[in-house]
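Printed here is target_24.cif (mmCIF, C-alpha atoms):
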```cif
data_protein
loop_
_atom_site.label_atom_id
_atom_site.label_comp_id
_atom_site.auth_asym_id
_atom_site.auth_seq_id
_atom_site.Cartn_x
_atom_site.Cartn_y
_atom_site.Cartn_z
CA MET J 2 0.00 0.00 0.00
CA GLU J 3 2.89 2.29 0.82
CA GLN J 4 4.32 2.04 -2.69
CA ALA J 5 0.95 2.36 -4.43
CA CYS J 6 0.25 5.55 -2.48
CA ARG J 7 3.69 6.87 -3.39
CA ALA J 8 2.89 6.38 -7.08
CA LEU J 9 -0.12 8.66 -6.74
CA GLU J 10 1.90 11.14 -4.67
CA PHE J 11 4.52 11.38 -7.44
CA ALA J 12 1.78 12.07 -10.01
CA GLU J 13 0.31 14.75 -7.74
CA GLU J 14 3.71 16.35 -7.15
CA ASN J 15 4.41 16.55 -10.89
CA ALA J 16 1.00 18.10 -11.46
CA ARG J 17 1.78 20.80 -8.88
CA THR J 18 5.37 21.58 -9.82
CA GLN J 19 5.65 20.77 -13.52
CA HIS J 20 2.75 19.52 -15.59
CA PRO J 21 0.02 16.92 -14.99
CA TYR J 22 0.73 13.65 -16.78
CA PRO J 23 -2.51 11.65 -17.18
CA ARG J 24 -0.55 8.42 -17.75
CA ASP J 25 0.99 8.70 -14.26
CA PHE J 26 -2.42 9.12 -12.62
CA ILE J 27 -3.87 6.23 -14.64
CA ARG J 28 -1.10 3.89 -13.56
CA ALA J 29 -1.35 4.99 -9.94
CA TYR J 30 -5.12 4.40 -9.82
CA LEU J 31 -4.64 1.03 -11.51
CA LEU J 32 -2.04 0.05 -8.89
CA LEU J 33 -4.34 1.13 -6.07
CA GLY J 34 -7.33 -0.65 -7.62
CA GLU J 35 -5.39 -3.86 -8.12
CA LEU J 36 -3.92 -3.79 -4.62
CA LEU J 37 -7.29 -3.18 -3.00
CA THR J 38 -8.81 -5.96 -5.11
CA LEU J 39 -6.19 -8.59 -4.39
CA ARG J 40 -4.78 -7.76 -0.97
CA GLY J 41 -6.95 -5.29 0.90
CA VAL J 42 -5.40 -2.81 3.30
CA THR J 43 -4.76 -4.88 6.43
CA ASP J 44 -1.05 -4.08 6.59
CA GLU J 45 -1.69 -0.33 6.59
CA SER J 46 -4.52 -0.57 9.08
CA ARG J 47 -2.29 -2.45 11.53
CA ARG J 48 0.27 0.33 11.39
CA GLY J 49 -2.46 2.83 12.10
CA ARG J 50 -1.86 4.90 9.01
CA GLN J 51 -4.99 6.47 7.55
CA VAL J 52 -4.77 6.26 3.77
CA GLU J 53 -6.64 8.83 1.72
CA ILE J 54 -6.99 8.75 -2.06
CA GLN J 55 -7.72 11.92 -3.98
CA PHE J 56 -9.62 12.20 -7.26
CA TYR J 57 -9.26 15.29 -9.39
CA ASP J 58 -10.98 17.51 -11.93
CA GLU J 59 -10.05 17.16 -15.59
CA PRO J 60 -6.90 19.36 -15.49
CA PHE J 61 -5.78 17.78 -12.19
CA GLN J 62 -5.79 21.16 -10.46
CA GLN J 63 -8.37 20.59 -7.74
CA SER J 64 -9.41 17.58 -5.70
CA VAL J 65 -13.10 16.85 -6.26
CA GLU J 66 -13.34 13.74 -4.08
CA SER J 67 -11.38 12.21 -1.23
CA VAL J 68 -11.92 8.68 0.06
CA THR J 69 -10.45 7.06 3.17
CA VAL J 70 -9.33 3.45 2.80
CA ARG J 71 -10.45 1.13 5.55
CA PRO J 72 -10.49 -2.68 5.56
CA ASN J 73 -14.25 -2.88 5.09
CA THR J 74 -14.28 -0.44 2.16
CA HIS J 75 -11.53 -1.83 -0.06
CA SER J 76 -13.89 -3.38 -2.64
CA ARG J 77 -15.87 -0.18 -3.17
CA ILE J 78 -12.76 2.00 -3.36
CA ALA J 79 -11.04 -0.49 -5.67
CA GLU J 80 -13.95 -0.11 -8.07
CA ARG J 81 -13.74 3.68 -7.83
CA CYS J 82 -10.00 3.63 -8.62
CA LEU J 83 -10.46 1.28 -11.57
CA GLU J 84 -13.33 3.36 -12.95
CA GLU J 85 -11.19 6.49 -12.72
CA ALA J 86 -8.25 4.75 -14.41
CA LEU J 87 -10.39 3.42 -17.26
CA ARG J 88 -12.20 6.73 -17.79
CA ARG J 89 -8.95 8.67 -17.93
CA CYS J 90 -7.40 6.00 -20.12
CA ARG J 91 -10.15 6.20 -22.72
CA LYS J 92 -10.19 9.98 -22.62
CA ILE J 93 -6.61 10.09 -23.96
CA ASN J 94 -6.84 6.82 -25.93
CA LEU J 95 -4.18 5.06 -23.84
CA VAL J 96 -5.00 1.64 -25.29
CA GLU J 97 -1.97 -0.06 -23.74
CA SER J 98 -3.45 0.21 -20.24
CA GLU J 99 -7.03 -0.83 -21.02
CA PRO J 100 -6.52 -4.63 -20.91
CA ASP J 101 -4.76 -4.39 -17.53
CA ILE J 102 -7.56 -2.31 -16.02
CA LEU J 103 -10.29 -4.54 -17.44
CA LEU J 104 -8.55 -7.69 -16.19
CA VAL J 105 -8.37 -6.31 -12.65
CA ARG J 106 -12.03 -5.27 -12.91
CA ALA J 107 -12.92 -8.84 -13.86
CA LYS J 108 -11.04 -10.08 -10.79
CA LEU J 109 -12.90 -7.59 -8.61
CA LEU J 110 -16.31 -8.60 -9.96
CA ARG J 111 -15.44 -12.27 -9.53
CA ALA J 112 -14.42 -11.68 -5.92
CA ARG J 113 -17.77 -10.03 -5.26
CA GLY J 114 -19.86 -12.80 -6.82
CA THR J 115 -20.51 -16.39 -5.88
CA ALA J 116 -17.96 -19.04 -6.73
CA LYS J 117 -19.95 -20.34 -9.71
CA GLU J 118 -21.08 -16.98 -11.10
CA THR J 119 -19.15 -15.98 -14.24
CA ARG J 120 -21.56 -13.81 -16.20
CA ALA J 121 -20.82 -10.56 -14.37
CA TRP J 122 -17.05 -10.65 -14.81
CA GLU J 123 -16.81 -12.38 -18.20
CA GLU J 124 -17.75 -9.15 -19.99
CA PRO J 125 -14.70 -7.06 -18.95
CA LEU J 126 -12.52 -10.16 -19.36
CA LYS J 127 -13.71 -10.64 -22.93
CA GLU J 128 -13.20 -6.95 -23.68
CA ALA J 129 -9.67 -7.10 -22.27
CA GLN J 130 -8.89 -10.07 -24.50
CA GLU J 131 -10.28 -8.39 -27.61
CA ILE J 132 -8.29 -5.19 -27.06
CA ALA J 133 -5.06 -7.06 -26.27
CA ALA J 134 -5.45 -9.32 -29.30
CA ARG J 135 -6.22 -6.42 -31.62
CA ALA J 136 -3.16 -4.50 -30.42
CA GLY J 137 -0.88 -7.54 -30.26
CA TYR J 138 -0.02 -7.23 -26.55
CA ARG J 139 1.42 -10.69 -25.95
CA LEU J 140 2.17 -10.37 -22.23
CA LYS J 141 -1.31 -8.99 -21.54
CA LEU J 142 -2.81 -11.91 -23.45
CA ALA J 143 -0.67 -14.31 -21.42
CA ASP J 144 -1.98 -12.72 -18.22
CA ILE J 145 -5.59 -13.03 -19.37
CA HIS J 146 -5.22 -16.70 -20.34
CA LEU J 147 -3.42 -17.41 -17.06
CA PHE J 148 -6.32 -15.94 -15.13
CA CYS J 149 -8.84 -17.96 -17.15
CA GLY J 150 -6.83 -21.14 -16.65
CA GLN J 151 -6.56 -20.47 -12.92
CA VAL J 152 -10.31 -19.93 -12.59
CA LEU J 153 -11.15 -23.11 -14.50
CA VAL J 154 -8.70 -25.19 -12.48
CA ASP J 155 -9.92 -23.78 -9.15
CA LEU J 156 -13.64 -24.04 -9.88
CA GLY J 157 -13.60 -27.22 -11.94
CA GLN J 158 -15.55 -25.54 -14.73
CA GLU J 159 -15.27 -26.73 -18.30
CA ARG J 160 -14.91 -23.60 -20.43
CA LEU J 161 -14.36 -19.86 -20.19
CA LEU J 162 -14.31 -17.50 -23.17
CA GLY J 163 -14.77 -20.58 -25.35
CA LEU J 164 -11.69 -22.48 -24.15
CA ASN J 165 -11.00 -25.11 -21.49
CA ALA J 166 -8.27 -24.86 -18.85
CA ARG J 167 -5.67 -26.78 -20.85
CA GLU J 168 -6.24 -24.60 -23.92
CA HIS J 169 -5.94 -21.38 -21.89
CA ILE J 170 -2.70 -22.56 -20.28
CA ALA J 171 -1.27 -23.60 -23.66
CA LYS J 172 -2.08 -20.17 -25.11
CA ALA J 173 -0.52 -18.45 -22.10
CA LYS J 174 2.69 -20.42 -22.68
CA GLU J 175 2.78 -19.51 -26.36
CA TYR J 176 2.19 -15.81 -25.71
CA ALA J 177 4.91 -15.84 -23.06
CA LYS J 178 7.59 -17.01 -25.52
CA ASP J 179 9.99 -14.76 -27.40
CA VAL J 180 8.93 -14.82 -31.07
CA SER J 181 11.54 -12.38 -32.35
CA ALA J 182 12.90 -13.03 -35.84
CA LEU J 183 16.05 -11.94 -37.62
CA ASP J 184 13.95 -9.99 -40.13
CA ASP J 185 12.63 -7.82 -37.28
CA LEU J 186 16.04 -6.31 -36.59
CA TYR J 187 17.31 -2.99 -37.84
CA LYS J 188 19.45 -3.50 -40.95
CA SER J 189 22.58 -1.47 -40.22
CA PRO J 190 25.17 -0.79 -42.96
CA ASP J 191 27.81 -1.39 -40.29
CA PRO J 192 28.75 -5.10 -40.52
CA HIS J 193 29.84 -5.07 -36.85
CA PHE J 194 26.71 -3.34 -35.54
CA TYR J 195 25.49 -6.47 -33.73
CA ASP J 196 28.86 -7.85 -32.69
CA ARG J 197 28.89 -9.39 -29.20
CA ILE J 198 25.09 -9.22 -28.95
CA PRO J 199 23.93 -12.70 -27.79
CA GLN J 200 20.37 -12.15 -28.99
CA TYR J 201 21.63 -11.52 -32.53
CA GLU J 202 23.55 -14.78 -32.51
CA MET J 203 20.48 -16.64 -31.29
CA LEU J 204 18.33 -15.17 -34.05
CA THR J 205 20.98 -15.89 -36.66
CA HIS J 206 21.05 -19.58 -35.77
CA GLY J 207 17.40 -19.81 -34.79
CA MET J 208 16.35 -19.83 -31.15
CA THR J 209 15.77 -23.15 -29.47
CA PRO J 210 12.48 -23.67 -27.56
CA GLU J 211 14.42 -23.21 -24.32
CA GLN J 212 15.84 -19.88 -25.51
CA GLN J 213 12.38 -18.73 -26.61
CA ILE J 214 11.13 -19.39 -23.09
CA LYS J 215 14.05 -17.82 -21.22
CA ASN J 216 14.17 -14.75 -23.47
CA GLY J 217 10.42 -14.23 -23.26
CA TYR J 218 8.09 -13.44 -20.38
CA TYR J 219 9.76 -16.06 -18.21
CA VAL J 220 7.67 -15.62 -15.07
CA ALA J 221 4.43 -15.89 -17.06
CA TRP J 222 5.66 -19.11 -18.69
CA LEU J 223 6.71 -20.60 -15.34
CA THR J 224 3.34 -19.67 -13.85
CA ALA J 225 1.52 -21.39 -16.70
CA ASP J 226 3.77 -24.44 -16.36
CA ALA J 227 3.02 -24.69 -12.63
CA LEU J 228 -0.69 -24.36 -13.34
CA GLU J 229 -0.50 -27.05 -16.00
CA LYS J 230 0.87 -29.51 -13.45
CA ARG J 231 -2.38 -29.13 -11.49
CA LEU J 232 -4.53 -30.42 -14.32
#
```
Write the structure described by the file as structure tokens, please.
Amino acid sequence: MEQACRALEFAEENARTQHPYPRDFIRAYLLLGELLTLRGVTDESRRGRQVEIQFYDEPFQQSVESVTVRPNTHSRIAERCLEEALRRCRKINLVESEPDILLVRAKLLRARGTAKETRAWEEPLKEAQEIAARAGYRLKLADIHLFCGQVLVDLGQERLLGLNAREHIAKAKEYAKDVSALDDLYKSPDPHFYDRIPQYEMLTHGMTPEQQIKNGYYVAWLTADALEKRL
């Protein structure tokens, strides 16, 4: 909670002393929303610190709302933070952050519902997948498929977003791999431009499956692999 609050404080400080950067506020509200969704605020409450979150007008010059985070309010405030992040995100067309916000919103809605209820949180999950696929955000797609696989394994359900647990996990693994190709590299007239660059040597000879995994989103792949062992 300490670090999430600091992210918002940095955004506020820049708005006061330099210029407001909407991207900084969006990321801070996303961090706060995700933290409140997944962990609550018990650590902060034990230390006795009263955490307040400010929401601002459009130019970030005046606070229009202030909420105090308490353990029994984290779900409501998480939703408020995610709504603010998504609204600001769409106002400046920051597409790269939309899948992350929508995925956390799906997690929040799932936490609120019953164990077998999927209808409420499938909608933002599907939207997150569509945006990430359209923009080609591989790591975001890996995260989405990991979440779907986790849900299906935990609840014993058969399908989510049209795929079963094994299919989601397989897709997560594929999206987590490095799929770089030699043709993607900048073609420098300097014949020694890529000397002593290990990645260039790998691409020249063709990466092995092990190299594709280790050079990719390694943690996402390992998470999917651990989940696969539970099937």
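Note that CA of Ala173 (chain J) and CA of Asp144 (chain J) are 7.1 Å apart.
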Given the file shown, enumerate the residues that the PyMOL selection byres ((chain J and resi 16-26) around 10) captures and present them as a list in words.
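Given this file, the PyMOL selection byres ((chain J and resi 16-26) around 10) evaluates to Ala8, Leu9, Glu10, Phe11, Ala12, Glu13, Glu14, Asn15, Ile27, Arg28, Ala29, Tyr30, Leu31, Leu32, Phe56, Tyr57, Glu59, Pro60, Phe61, Gln62, Glu85, Ala86, Arg89, Cys90, Lys92, Ile93, Leu95 and Ser98 of chain J.
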Go through the shown structure with the PyMOL selection byres ((chain J and resi 218) around 12) and write out the matching residues as a CSV table (one decimal) with C-alpha atoms, in the coordinates of the input.
```
chain,number,residue,atom,x,y,z
J,138,TYR,CA,0.0,-7.2,-26.6
J,139,ARG,CA,1.4,-10.7,-26.0
J,140,LEU,CA,2.2,-10.4,-22.2
J,141,LYS,CA,-1.3,-9.0,-21.5
J,142,LEU,CA,-2.8,-11.9,-23.4
J,143,ALA,CA,-0.7,-14.3,-21.4
J,144,ASP,CA,-2.0,-12.7,-18.2
J,173,ALA,CA,-0.5,-18.4,-22.1
J,174,LYS,CA,2.7,-20.4,-22.7
J,175,GLU,CA,2.8,-19.5,-26.4
J,176,TYR,CA,2.2,-15.8,-25.7
J,177,ALA,CA,4.9,-15.8,-23.1
J,178,LYS,CA,7.6,-17.0,-25.5
J,179,ASP,CA,10.0,-14.8,-27.4
J,180,VAL,CA,8.9,-14.8,-31.1
J,212,GLN,CA,15.8,-19.9,-25.5
J,213,GLN,CA,12.4,-18.7,-26.6
J,214,ILE,CA,11.1,-19.4,-23.1
J,215,LYS,CA,14.0,-17.8,-21.2
J,216,ASN,CA,14.2,-14.8,-23.5
J,217,GLY,CA,10.4,-14.2,-23.3
J,219,TYR,CA,9.8,-16.1,-18.2
J,220,VAL,CA,7.7,-15.6,-15.1
J,221,ALA,CA,4.4,-15.9,-17.1
J,222,TRP,CA,5.7,-19.1,-18.7
J,223,LEU,CA,6.7,-20.6,-15.3
J,224,THR,CA,3.3,-19.7,-13.8
J,225,ALA,CA,1.5,-21.4,-16.7
```
Enclose the full set of atoms of region 134-140 of chain J listed in the file within a box whose edges lie along x, y and z, apply 3 Å of padding to each of the six sides, and report centre and edge lengths in Å to one decimal as AutoDock Vina command-line options.
```
--center_x -2.0 --center_y -7.6 --center_z -26.9 --size_x 14.4 --size_y 12.2 --size_z 15.4
```
Tell me which of J:Thr38, J:Leu164, J:Ile54, J:Ser64 sits closest to Arg113 (chain J), counting only C-alpha atoms.
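So, comparing all the options, the nearest one is J:Thr38.
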Report, in Å with one decimal, the straight-line distance from CA of Asp196 (chain J) to CA of Thr209 (chain J).
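Between CA of Asp196 (chain J) and CA of Thr209 (chain J) the gap is 20.4 Å.
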The PyMOL selection byres ((chain J and resi 153) around 12) - which residues does that actually catch in the file I just gave you? List them as an mmCIF file with C-alpha atoms, keeping the file's coordinate frame.
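What landed in expr33.cif:
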```
data_model
loop_
_atom_site.group_PDB
_atom_site.id
_atom_site.type_symbol
_atom_site.label_atom_id
_atom_site.label_comp_id
_atom_site.auth_asym_id
_atom_site.auth_seq_id
_atom_site.Cartn_x
_atom_site.Cartn_y
_atom_site.Cartn_z
ATOM 1 C CA ALA J 116 -17.960 -19.040 -6.730
ATOM 2 C CA LYS J 117 -19.950 -20.340 -9.710
ATOM 3 C CA THR J 119 -19.150 -15.980 -14.240
ATOM 4 C CA HIS J 146 -5.220 -16.700 -20.340
ATOM 5 C CA LEU J 147 -3.420 -17.410 -17.060
ATOM 6 C CA PHE J 148 -6.320 -15.940 -15.130
ATOM 7 C CA CYS J 149 -8.840 -17.960 -17.150
ATOM 8 C CA GLY J 150 -6.830 -21.140 -16.650
ATOM 9 C CA GLN J 151 -6.560 -20.470 -12.920
ATOM 10 C CA VAL J 152 -10.310 -19.930 -12.590
ATOM 11 C CA VAL J 154 -8.700 -25.190 -12.480
ATOM 12 C CA ASP J 155 -9.920 -23.780 -9.150
ATOM 13 C CA LEU J 156 -13.640 -24.040 -9.880
ATOM 14 C CA GLY J 157 -13.600 -27.220 -11.940
ATOM 15 C CA GLN J 158 -15.550 -25.540 -14.730
ATOM 16 C CA GLU J 159 -15.270 -26.730 -18.300
ATOM 17 C CA ARG J 160 -14.910 -23.600 -20.430
ATOM 18 C CA LEU J 161 -14.360 -19.860 -20.190
ATOM 19 C CA LEU J 162 -14.310 -17.500 -23.170
ATOM 20 C CA GLY J 163 -14.770 -20.580 -25.350
ATOM 21 C CA LEU J 164 -11.690 -22.480 -24.150
ATOM 22 C CA ASN J 165 -11.000 -25.110 -21.490
ATOM 23 C CA ALA J 166 -8.270 -24.860 -18.850
ATOM 24 C CA ARG J 167 -5.670 -26.780 -20.850
ATOM 25 C CA GLU J 168 -6.240 -24.600 -23.920
ATOM 26 C CA HIS J 169 -5.940 -21.380 -21.890
ATOM 27 C CA ILE J 170 -2.700 -22.560 -20.280
ATOM 28 C CA LEU J 228 -0.690 -24.360 -13.340
ATOM 29 C CA GLU J 229 -0.500 -27.050 -16.000
ATOM 30 C CA ARG J 231 -2.380 -29.130 -11.490
ATOM 31 C CA LEU J 232 -4.530 -30.420 -14.320
#
```
Restricting the calculation to all atoms listed in the file: of J:Ala182, J:Ala227, J:Ala121, J:Val65, which residue gets closest to Met208 (chain J)?
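Counting all atoms listed in the file, the residue closest to Met208 (chain J) is J:Ala182.
Counting only C-alpha atoms, the residue from J:Ile198, J:Leu110, J:Leu103, J:Val68 that sits nearest to Arg91 (chain J) is J:Leu103.
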Between CA of Leu109 (chain J) and CA of Leu83 (chain J) - distance in Å to one decimal
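Separation of CA of Leu83 (chain J) and CA of Leu109 (chain J): 9.7 Å.
Using only C-alpha atoms, the shortest contact distance between Ala112 (chain J) and any of J:Cys82, J:Leu39, J:Met2, J:Ile145 is found at J:Leu39.
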Considering only C-alpha atoms, return as a list in words whatever protein or nucleic-acid residues lie within 12 Å of Leu186 (chain J), sequence-local ones (same chain, fewer than 5 positions apart) excluded.
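Residues near the query, excluding close chain neighbours: Ser181, Phe194, Tyr195, Gln200, Tyr201, Leu204 and Thr205 of chain J.
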Residues within 10 Å of Val96 (chain J), please, as a PyMOL selection string. Count only C-alpha atoms; anything in the same chain fewer than 5 positions from it doesn't count.
chain J and resi 87+90-91+101+132-133+136
I want to know what sits within 9 Å of Trp122 (chain J), based on only C-alpha atoms, with residues of the same chain fewer than 4 positions away left out; could you give that as a list of chain:residue names?
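Skipping anything fewer than 4 positions along the chain leaves J:Arg106, J:Ala107, J:Lys108, J:Leu109, J:Leu110, J:Arg111, J:Gly114, J:Glu118, J:Leu126, J:Lys127.
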Can you work out which one of J:Val105, J:Arg197, J:Leu36, J:Gly137 has the shortest atom-to-atom distance to Pro125 (chain J), counting all atoms listed in the file?
J:Val105
Can you fill out region 83-112 of chain J with N, CA and C atoms and hand it back as a tab-separated table (two decimals), in the frame of the given file?
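File produced: part09.tsv:
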```
chain	number	residue	atom	x	y	z
J	83	LEU	N	-10.49	1.89	-10.24
J	83	LEU	CA	-10.46	1.28	-11.57
J	83	LEU	C	-11.33	2.05	-12.56
J	84	GLU	N	-12.48	2.54	-12.09
J	84	GLU	CA	-13.33	3.36	-12.95
J	84	GLU	C	-12.62	4.64	-13.37
J	85	GLU	N	-11.92	5.25	-12.43
J	85	GLU	CA	-11.19	6.49	-12.72
J	85	GLU	C	-10.05	6.21	-13.72
J	86	ALA	N	-9.34	5.11	-13.50
J	86	ALA	CA	-8.25	4.75	-14.41
J	86	ALA	C	-8.76	4.50	-15.82
J	87	LEU	N	-9.86	3.75	-15.93
J	87	LEU	CA	-10.39	3.42	-17.26
J	87	LEU	C	-10.96	4.65	-17.95
J	88	ARG	N	-11.64	5.51	-17.20
J	88	ARG	CA	-12.20	6.73	-17.79
J	88	ARG	C	-11.10	7.63	-18.32
J	89	ARG	N	-10.07	7.84	-17.51
J	89	ARG	CA	-8.95	8.67	-17.93
J	89	ARG	C	-8.22	8.04	-19.12
J	90	CYS	N	-8.09	6.73	-19.06
J	90	CYS	CA	-7.40	6.00	-20.12
J	90	CYS	C	-8.10	6.20	-21.46
J	91	ARG	N	-9.40	6.08	-21.47
J	91	ARG	CA	-10.15	6.20	-22.72
J	91	ARG	C	-10.27	7.65	-23.18
J	92	LYS	N	-10.13	8.56	-22.25
J	92	LYS	CA	-10.19	9.98	-22.62
J	92	LYS	C	-8.98	10.38	-23.46
J	93	ILE	N	-7.82	9.76	-23.18
J	93	ILE	CA	-6.61	10.09	-23.96
J	93	ILE	C	-6.21	8.95	-24.88
J	94	ASN	N	-7.08	7.95	-25.02
J	94	ASN	CA	-6.84	6.82	-25.93
J	94	ASN	C	-5.55	6.06	-25.58
J	95	LEU	N	-5.35	5.81	-24.30
J	95	LEU	CA	-4.18	5.06	-23.84
J	95	LEU	C	-4.52	3.57	-23.88
J	96	VAL	N	-4.53	3.01	-25.08
J	96	VAL	CA	-5.00	1.64	-25.29
J	96	VAL	C	-4.16	0.63	-24.53
J	97	GLU	N	-2.87	0.90	-24.37
J	97	GLU	CA	-1.97	-0.06	-23.74
J	97	GLU	C	-2.37	-0.42	-22.32
J	98	SER	N	-3.09	0.47	-21.64
J	98	SER	CA	-3.45	0.21	-20.24
J	98	SER	C	-4.84	-0.40	-20.09
J	99	GLU	N	-5.65	-0.36	-21.14
J	99	GLU	CA	-7.03	-0.83	-21.02
J	99	GLU	C	-7.12	-2.31	-20.64
J	100	PRO	N	-6.38	-3.22	-21.30
J	100	PRO	CA	-6.52	-4.63	-20.91
J	100	PRO	C	-6.17	-4.89	-19.45
J	101	ASP	N	-5.15	-4.20	-18.93
J	101	ASP	CA	-4.76	-4.39	-17.53
J	101	ASP	C	-5.88	-3.97	-16.59
J	102	ILE	N	-6.48	-2.81	-16.87
J	102	ILE	CA	-7.56	-2.31	-16.02
J	102	ILE	C	-8.76	-3.24	-16.08
J	103	LEU	N	-9.11	-3.67	-17.27
J	103	LEU	CA	-10.29	-4.54	-17.44
J	103	LEU	C	-10.07	-5.90	-16.79
J	104	LEU	N	-8.84	-6.41	-16.84
J	104	LEU	CA	-8.55	-7.69	-16.19
J	104	LEU	C	-8.71	-7.58	-14.68
J	105	VAL	N	-8.21	-6.50	-14.10
J	105	VAL	CA	-8.37	-6.31	-12.65
J	105	VAL	C	-9.84	-6.13	-12.31
J	106	ARG	N	-10.59	-5.43	-13.16
J	106	ARG	CA	-12.03	-5.27	-12.91
J	106	ARG	C	-12.73	-6.62	-12.93
J	107	ALA	N	-12.34	-7.50	-13.84
J	107	ALA	CA	-12.92	-8.84	-13.86
J	107	ALA	C	-12.62	-9.58	-12.56
J	108	LYS	N	-11.40	-9.44	-12.05
J	108	LYS	CA	-11.04	-10.08	-10.79
J	108	LYS	C	-11.87	-9.52	-9.63
J	109	LEU	N	-12.10	-8.21	-9.66
J	109	LEU	CA	-12.90	-7.59	-8.61
J	109	LEU	C	-14.34	-8.09	-8.64
J	110	LEU	N	-14.93	-8.14	-9.82
J	110	LEU	CA	-16.31	-8.60	-9.96
J	110	LEU	C	-16.42	-10.08	-9.58
J	111	ARG	N	-15.41	-10.86	-9.91
J	111	ARG	CA	-15.44	-12.27	-9.53
J	111	ARG	C	-15.39	-12.41	-8.02
J	112	ALA	N	-14.53	-11.60	-7.37
J	112	ALA	CA	-14.42	-11.68	-5.92
J	112	ALA	C	-15.73	-11.31	-5.23
```
